[in-house]
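In what follows, a single structure is set out as C-alpha cells and then discussed.
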Amino acid sequence: MKGRRVVITACSAITPIGHGRAAILDSLRRGVSGVKPLREDNLLAKYIHSQVFGTVDDPIAYDFKRTYRKTMGPVAYYACQVAKEVLEQAGLPPEFVTSGRLGVAFGSTHGSPTVQREIYKTFFSGTRAEYSSIGAVDYLKSMVHTTAVNITKMFGITGRVISSSTACTTSSQSIGYGYEAVKFGMQEAMLCGGADEYDTTTVAVFDNLLACSTAFNDRPQCTPRPFDRQRDGLVVGEGAGAVLLEEYEHAKRRGAEILGEVIGFACNNNGGDLILPNLAGIRATLQSSLEVAELNADDVDFVSAHATATRMGDVIEAQAIHAVYGDNPFVTGFKGYMGHTMGSCGAIETILSLYQMQEGFIAPTLNLEEPDERCAMIRHTLKLEERPVTVAAVQNFAFGGVNTSLLIKRFA
Amino acid sequence: MTREQIQTAILEIFRREFEIENPGLAENLREVYEFDSVDAIELLLEIERFLGSELTHDEKKGAMEIRTLNQVIDYVDGLAGKRGLTKDAPTRKEASSRP
C-alpha cells in the first residue's frame with residue numbers, strides 16, 4: 001500500500017552512555033559502558049542475584065513549571081525532557097504543534113513503578129488516614145500512558161495519542177505506528193518514542209526468570225555480552241528516546257533538516273508462547289518490513305539487533321538475521337553498551353542507528369569478544385568500522401511474543 | 001483556631017505544595033496561578049491533614065465552586081467550625097447539650 005514519505009526531522013535520547021548526540025557518539029566511539037552496580041533500594045535490591053543496572057548517571061537540569069511537574073513521575077520527566085529537546089530541535093511553528101496535525105506516540109513498560117511502589121506501600125500501611133492520601137496525582141504519575149499525556153499537556157499537543165506498552169517493543173511500536181499515522185495521512189507529524197525509569201522491580205522479574213546476568217556483578221562494564229560465548233543474560237537499564245516523524249513534503253516546505261527516512265515497519269506476534277523467542281515469528285516480521293519498504297535483503301547494510309544477551313534469544317535472532325539477510329549486513333547489539341533500556345530501547349537504538357548513518361561509522365557490539373558458534377554465521381561488528389550506512393534495520397522483540405522491525409534510510 | 005491562623009496555614013500550604021508565593025486573596029486561582037482540578041484534589045487532602053480529620057463526600061463537593069483564596073479560607077473556617085475547632089465555635093459538649 002503506497003503512502004506518503006515519512007522523514008525524521010529531530011531526535012534526542014537520554015541513555016546510560018550519555019544524554020544527547022555528542023555524549024552518546026563519544027561513548028560509542030570510545031566503547032564506554034553505562035552499566036553500573038545495582039543501587040540499594042531498601043526493598044528488593046538485596047534479594048536480586050543480578051547486581052548490575054544500565055544507569056543514567058549524569059544529572060539532568062530539568063526546567064519544568066510546577067503545573068507540569070505535578071503529574072510527572074520519573075518516567076515522565078525523562079519523556080518530557082527528550083520531547084522538549086526534539087521539539088526545540090525540529091523548530092516546528094507553535095501554531096502547528098497545537099493544530100491537531102501533530103500527534104504523540106509514546107509509551108513505557110508500566111508507567112512509573114517508583115510511584116506505584118509508593119501507592120502500594122500506602123495501601124499496605126494499614127492506616128486509613130494514609131490510605132485516603134492516595135490522590136488523583138498519584139494515578140496520573142503512575143498510569144501506563146503517563147509519558148504520552150504529560151507530553152501532550154506540556155506542549156499543548158492536540159492530535160492523536162498512541163501509547164503502546166508492549167515491554168521491549170514499546171517504543172519501536174511508537175515509531176512504527178507513528179510512521180503509519182503519517183504515511184497514511186492521519187497526521188502530518190508524530191512525536192514518537194519511549195522511556196523507562198530506574199526500577200528494581202523489573203530486574204527482580206527477569207531475575208526470577210533466570211534471564212538476568214549474574215556472573216559479572218564485580219565487573220558491571222563487562223555485561224551484557226550480546227552474541228558472546230560468555231553471555232549470561234540481560235541487564236536491565238533506564239533511558240528515553242524520542243524522534244519527530246514528519247511528512248516529507250511538509251518538512252521540505254518548511255526547510256527542516258532531514259536526518260533520515262522511515263521506509264518500512266512491520267509488527268507481528270508469535271501466536272503462542274509469551275516468553276520463548278520464535279524463529280518463524282521473528283523471520284516473518286523482518287521479511288514483512290522489507291516488503292513494506294519494497295527492498296531486497298541485500299539493500300540493508302546494517303542491523304541493530306535486539307540482542308539482549310540471553311542464551312537462547314541471541315541464537316534465535318542470529319538465525320533469523322541469517323535467514324533473511326544472510327551475512328551481508330553488519331550486525332551490532334547496542335545493549336552491550338547500556339543494557340536493556342526496556343520501553344525506550346527501540347527508540348534509542350533507532351537514534352543510535354541514525355547517528356551512525358550521519359557520521360558514517362558502525363560501532364562494534366561492546367563485550368562481544370568471541371562470538372558463540374551458534375551465532376557466528378552473521379557478520380558481527382567486532383571493531384569500529386568507518387563506512388557509510390544506507391539502510392538500517394532496527395529490530396526488537398518483546399515478552400508476549402511481539403516482534404517489530406523498522407527500516408531507516410539515510411536521507412540523500 | 002482563628003481565621004487568621006487558618007489564613008496563615010492555607011498560605012503556607014500554597015507556598016509549600018503549589019509554589020504560589022503571596023497570592024492575592026481575591027484573585028481567581030485558575031486564571032492567575034493555573035490552579036486546576038488536580039490541584040484542587042491535592043488541596044482537599046492538605047486541608048484534611050490540617051484539620052486532622054477526613055472530609056465527607058458532601059463537604060468535598062462543596063469545594064467545587066471555590067475560585068479564590070478568600071473562598072478557600074471561608075471554606076476551611078466553616079469546616080473547622082463544624083468540628084468545634086474555631087475560637088467562637090461551640091465545643092462538642094456544648095453543641096451536643098443543645099436541645
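By convention in this document, the chains of the C-alpha cells carry letters A, B, ... by their order, each chain's residues are numbered from 1, and ligands are numbered from 1 in the order they are shown.
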
Nearby residues (only C-alpha atoms) at most 10 Å from Arg21 in chain A, same-chain spacing under 3 positions excluded, as a PDB file with N, CA and C atoms, in the first residue's frame:
ATOM      1  N   CYS A  11      15.719  14.262  16.749  1.00  0.00           N
ATOM      2  CA  CYS A  11      15.774  13.112  17.655  1.00  0.00           C
ATOM      3  C   CYS A  11      16.606  13.471  18.881  1.00  0.00           C
ATOM      4  N   SER A  12      16.321  12.804  19.983  1.00  0.00           N
ATOM      5  CA  SER A  12      17.109  13.011  21.193  1.00  0.00           C
ATOM      6  C   SER A  12      16.969  11.810  22.116  1.00  0.00           C
ATOM      7  N   ALA A  13      18.014  11.561  22.884  1.00  0.00           N
ATOM      8  CA  ALA A  13      17.968  10.409  23.792  1.00  0.00           C
ATOM      9  C   ALA A  13      18.701  10.696  25.095  1.00  0.00           C
ATOM     10  N   ILE A  14      18.153  10.118  26.156  1.00  0.00           N
ATOM     11  CA  ILE A  14      18.822  10.061  27.459  1.00  0.00           C
ATOM     12  C   ILE A  14      19.177   8.591  27.660  1.00  0.00           C
ATOM     13  N   GLY A  18      25.103   8.381  27.920  1.00  0.00           N
ATOM     14  CA  GLY A  18      25.125   9.805  27.627  1.00  0.00           C
ATOM     15  C   GLY A  18      23.764  10.358  27.268  1.00  0.00           C
ATOM     16  N   ILE A  24      26.654  10.647  23.449  1.00  0.00           N
ATOM     17  CA  ILE A  24      26.388   9.267  23.018  1.00  0.00           C
ATOM     18  C   ILE A  24      27.402   8.830  21.960  1.00  0.00           C
ATOM     19  N   LEU A  25      27.630   9.698  20.986  1.00  0.00           N
ATOM     20  CA  LEU A  25      28.606   9.359  19.937  1.00  0.00           C
ATOM     21  C   LEU A  25      29.992   9.134  20.526  1.00  0.00           C
ATOM     22  N   ASP A  26      30.341   9.958  21.497  1.00  0.00           N
ATOM     23  CA  ASP A  26      31.649   9.817  22.137  1.00  0.00           C
ATOM     24  C   ASP A  26      31.762   8.441  22.813  1.00  0.00           C
ATOM     25  N   ILE A 351      17.758   5.817  17.178  1.00  0.00           N
ATOM     26  CA  ILE A 351      18.521   7.069  17.202  1.00  0.00           C
ATOM     27  C   ILE A 351      20.018   6.789  17.038  1.00  0.00           C
ATOM     28  N   LEU A 352      20.516   5.761  17.716  1.00  0.00           N
ATOM     29  CA  LEU A 352      21.929   5.403  17.565  1.00  0.00           C
ATOM     30  C   LEU A 352      22.233   4.999  16.115  1.00  0.00           C
ATOM     31  N   TYR A 355      22.422   8.212  14.138  1.00  0.00           N
ATOM     32  CA  TYR A 355      23.702   8.893  14.387  1.00  0.00           C
ATOM     33  C   TYR A 355      24.815   8.256  13.559  1.00  0.00           C
TER      34      TYR A 355
END

Please provide as a PDB file with C-alpha atoms, in the first residue's frame all residues within 9 Å of Phe397 in chain A, with the sequence filter that same-chain residues fewer than 5 positions apart are discarded (counting only C-alpha atoms).
ATOM      1  CA  ALA A 167       7.617  -4.148  27.115  1.00  0.00           C
ATOM      2  CA  CYS A 168      10.690  -4.250  24.866  1.00  0.00           C
ATOM      3  CA  THR A 169       8.788  -3.274  21.701  1.00  0.00           C
ATOM      4  CA  PRO A 277      11.807 -16.421  21.209  1.00  0.00           C
ATOM      5  CA  ILE A 282      10.853 -13.062  14.013  1.00  0.00           C
ATOM      6  CA  HIS A 306      17.649  -6.682  19.738  1.00  0.00           C
ATOM      7  CA  VAL A 402       5.569  -9.246  19.905  1.00  0.00           C
ATOM      8  CA  ASN A 403       8.152  -8.613  17.173  1.00  0.00           C
ATOM      9  CA  THR A 404       8.919  -5.366  15.333  1.00  0.00           C
ATOM     10  CA  SER A 405      11.235  -4.352  12.519  1.00  0.00           C
TER      11      SER A 405
END

Tell me, counting only C-alpha atoms, for each residue of chain B within 12 Å of chain A, which pair of atoms is nearest and how far apart they are in Å to one decimal, in rows ordered by chain and increasing number, as a tab-separated table.
residue	atom	partner	partner_atom	distance
B:Arg15	CA	A:Arg66	CA	11.7
B:Arg16	CA	A:Arg66	CA	11.5
B:Glu17	CA	A:Arg66	CA	9.6
B:Phe18	CA	A:Arg66	CA	7.2
B:Glu19	CA	A:Arg66	CA	7.2
B:Ile20	CA	A:Arg66	CA	9.6
B:Arg30	CA	A:Thr67	CA	11.1
B:Tyr33	CA	A:Thr67	CA	9.0
B:Glu34	CA	A:Thr67	CA	7.0
B:Phe35	CA	A:Thr67	CA	7.8
B:Asp36	CA	A:Thr67	CA	8.6
B:Ser37	CA	A:Ala136	CA	9.5
B:Val38	CA	A:Val137	CA	6.6
B:Asp39	CA	A:Lys70	CA	8.5
B:Ala40	CA	A:Ala136	CA	10.0
B:Ile41	CA	A:Ala136	CA	7.0
B:Glu42	CA	A:Gly135	CA	6.9
B:Leu43	CA	A:Gly135	CA	10.4
B:Leu44	CA	A:Gly135	CA	9.9
B:Leu45	CA	A:Ser133	CA	6.6
B:Glu46	CA	A:Ser133	CA	9.2
B:Ile47	CA	A:Ser133	CA	11.4
B:Glu48	CA	A:Ala129	CA	9.4
B:Arg49	CA	A:Ala129	CA	8.9
B:Gly52	CA	A:Ala129	CA	9.4
B:Ser53	CA	A:Ala129	CA	8.5
B:Glu54	CA	A:Ala129	CA	7.9
B:Leu55	CA	A:Ser132	CA	10.4
B:Thr56	CA	A:Ser132	CA	11.7

If we count only C-alpha atoms and set the cut-off at 9 Å, which residues sit around Ala320 in chain A, ignoring sequence neighbours fewer than 4 positions away in its own chain? Please answer as a short mmCIF file (atom, residue, chain, number, x, y, z; two decimals) with C-alpha atoms, in the first residue's frame.
data_model
loop_
_atom_site.label_atom_id
_atom_site.label_comp_id
_atom_site.auth_asym_id
_atom_site.auth_seq_id
_atom_site.Cartn_x
_atom_site.Cartn_y
_atom_site.Cartn_z
CA LEU A 279 12.35 -18.06 14.79
CA ALA A 280 9.37 -18.24 12.45
CA ILE A 282 10.85 -13.06 14.01
CA ARG A 283 11.77 -14.08 10.48
CA ALA A 284 8.28 -13.22 9.24
CA LEU A 286 11.86 -8.99 9.23
CA VAL A 315 20.80 -17.64 18.94
CA ILE A 316 17.27 -17.41 17.55
CA VAL A 324 16.60 -13.06 5.95
CA TYR A 325 19.77 -11.05 5.39
#

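Minimum atom-to-atom distances from A:Thr55, A:Thr147, A:Thr332, A:Asn396 to Gly176 in chain A were compared using only C-alpha atoms, and the lowest value belongs to A:Asn396.
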
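With distances restricted to only C-alpha atoms, B:Asn28 is the closest residue to Glu65 in chain B from B:Ala80, B:Arg3, B:Leu85, B:Asn28.
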
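With only C-alpha atoms taken into account, the protein and nucleic acid residues at most 7 Å from range 257-263 of chain A (excluding it and anything under 3 positions from it in its own chain) are Val6, Val7, Ile8, Thr9, Ala10, Ala293, Leu354, Leu407, Ile408, Lys409, Arg410 and Phe411 of chain A.
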
Write the selection just made, keeping N, CA and C atoms, as a compact mmCIF listing (two decimals), in the first residue's frame?
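Contents of part-v4.txt, freshly written:
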# COMPACT_ATOMS: atom_id res chain seq x y z
N VAL A 6 7.83 9.49 4.85
CA VAL A 6 7.92 9.92 6.25
C VAL A 6 9.38 10.10 6.62
N VAL A 7 9.73 11.30 7.05
CA VAL A 7 11.13 11.57 7.38
C VAL A 7 11.29 11.91 8.86
N ILE A 8 12.51 11.77 9.32
CA ILE A 8 12.83 12.09 10.72
C ILE A 8 13.51 13.46 10.72
N THR A 9 12.93 14.40 11.47
CA THR A 9 13.47 15.76 11.44
C THR A 9 14.04 16.19 12.79
N ALA A 10 14.01 15.32 13.78
CA ALA A 10 14.67 15.63 15.06
C ALA A 10 14.72 14.35 15.88
N ALA A 293 8.85 -1.88 2.67
CA ALA A 293 9.81 -0.90 2.14
C ALA A 293 10.14 -1.13 0.67
N LEU A 354 20.65 6.11 13.50
CA LEU A 354 20.63 7.38 12.74
C LEU A 354 21.95 8.13 12.90
N LEU A 407 12.68 -0.05 9.30
CA LEU A 407 13.75 0.17 8.31
C LEU A 407 13.94 1.67 8.13
N ILE A 408 15.17 2.11 8.32
CA ILE A 408 15.52 3.53 8.29
C ILE A 408 16.53 3.74 7.17
N LYS A 409 16.31 4.78 6.38
CA LYS A 409 17.22 5.04 5.25
C LYS A 409 17.90 6.38 5.44
N ARG A 410 19.17 6.41 5.08
CA ARG A 410 19.89 7.68 5.11
C ARG A 410 19.24 8.61 4.09
N PHE A 411 19.10 9.87 4.46
CA PHE A 411 18.46 10.81 3.55
C PHE A 411 19.52 11.43 2.65

Exercise for review: Using backbone DSSP assignments, extract all strand (DSSP E) residues from range 194-254 of chain A; output them as a VMD selection string.
Suggested key: chain A and resid 194 to 196 239 to 247

Point to revise | DSSP alpha helix (DSSP H) selection over range 167-299 of chain A, as a PyMOL selection string | key: chain A and resi 170-183+200-208+248-253+279-293

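Every protein or nucleic acid residue with an atom no more than 8 Å from Thr166 in chain A, counting only C-alpha atoms and leaving out same-chain residues fewer than 2 positions away, appears here: Thr109, Ser164, Cys168, Thr169, Thr170, Gly343, Ala398, Phe399, Gly400 and Val402 of chain A.
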
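Using only C-alpha atoms, the nearest neighbour of Gly24 in chain B within the list B:Thr68, B:Gln7, B:Leu51, B:Gly62 is B:Thr68.
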
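Proximity to Ala251 in chain A was assessed for A:Glu95, A:Glu385, A:Glu188, A:Glu349 counting only C-alpha atoms; the smallest distance is recorded for A:Glu188.
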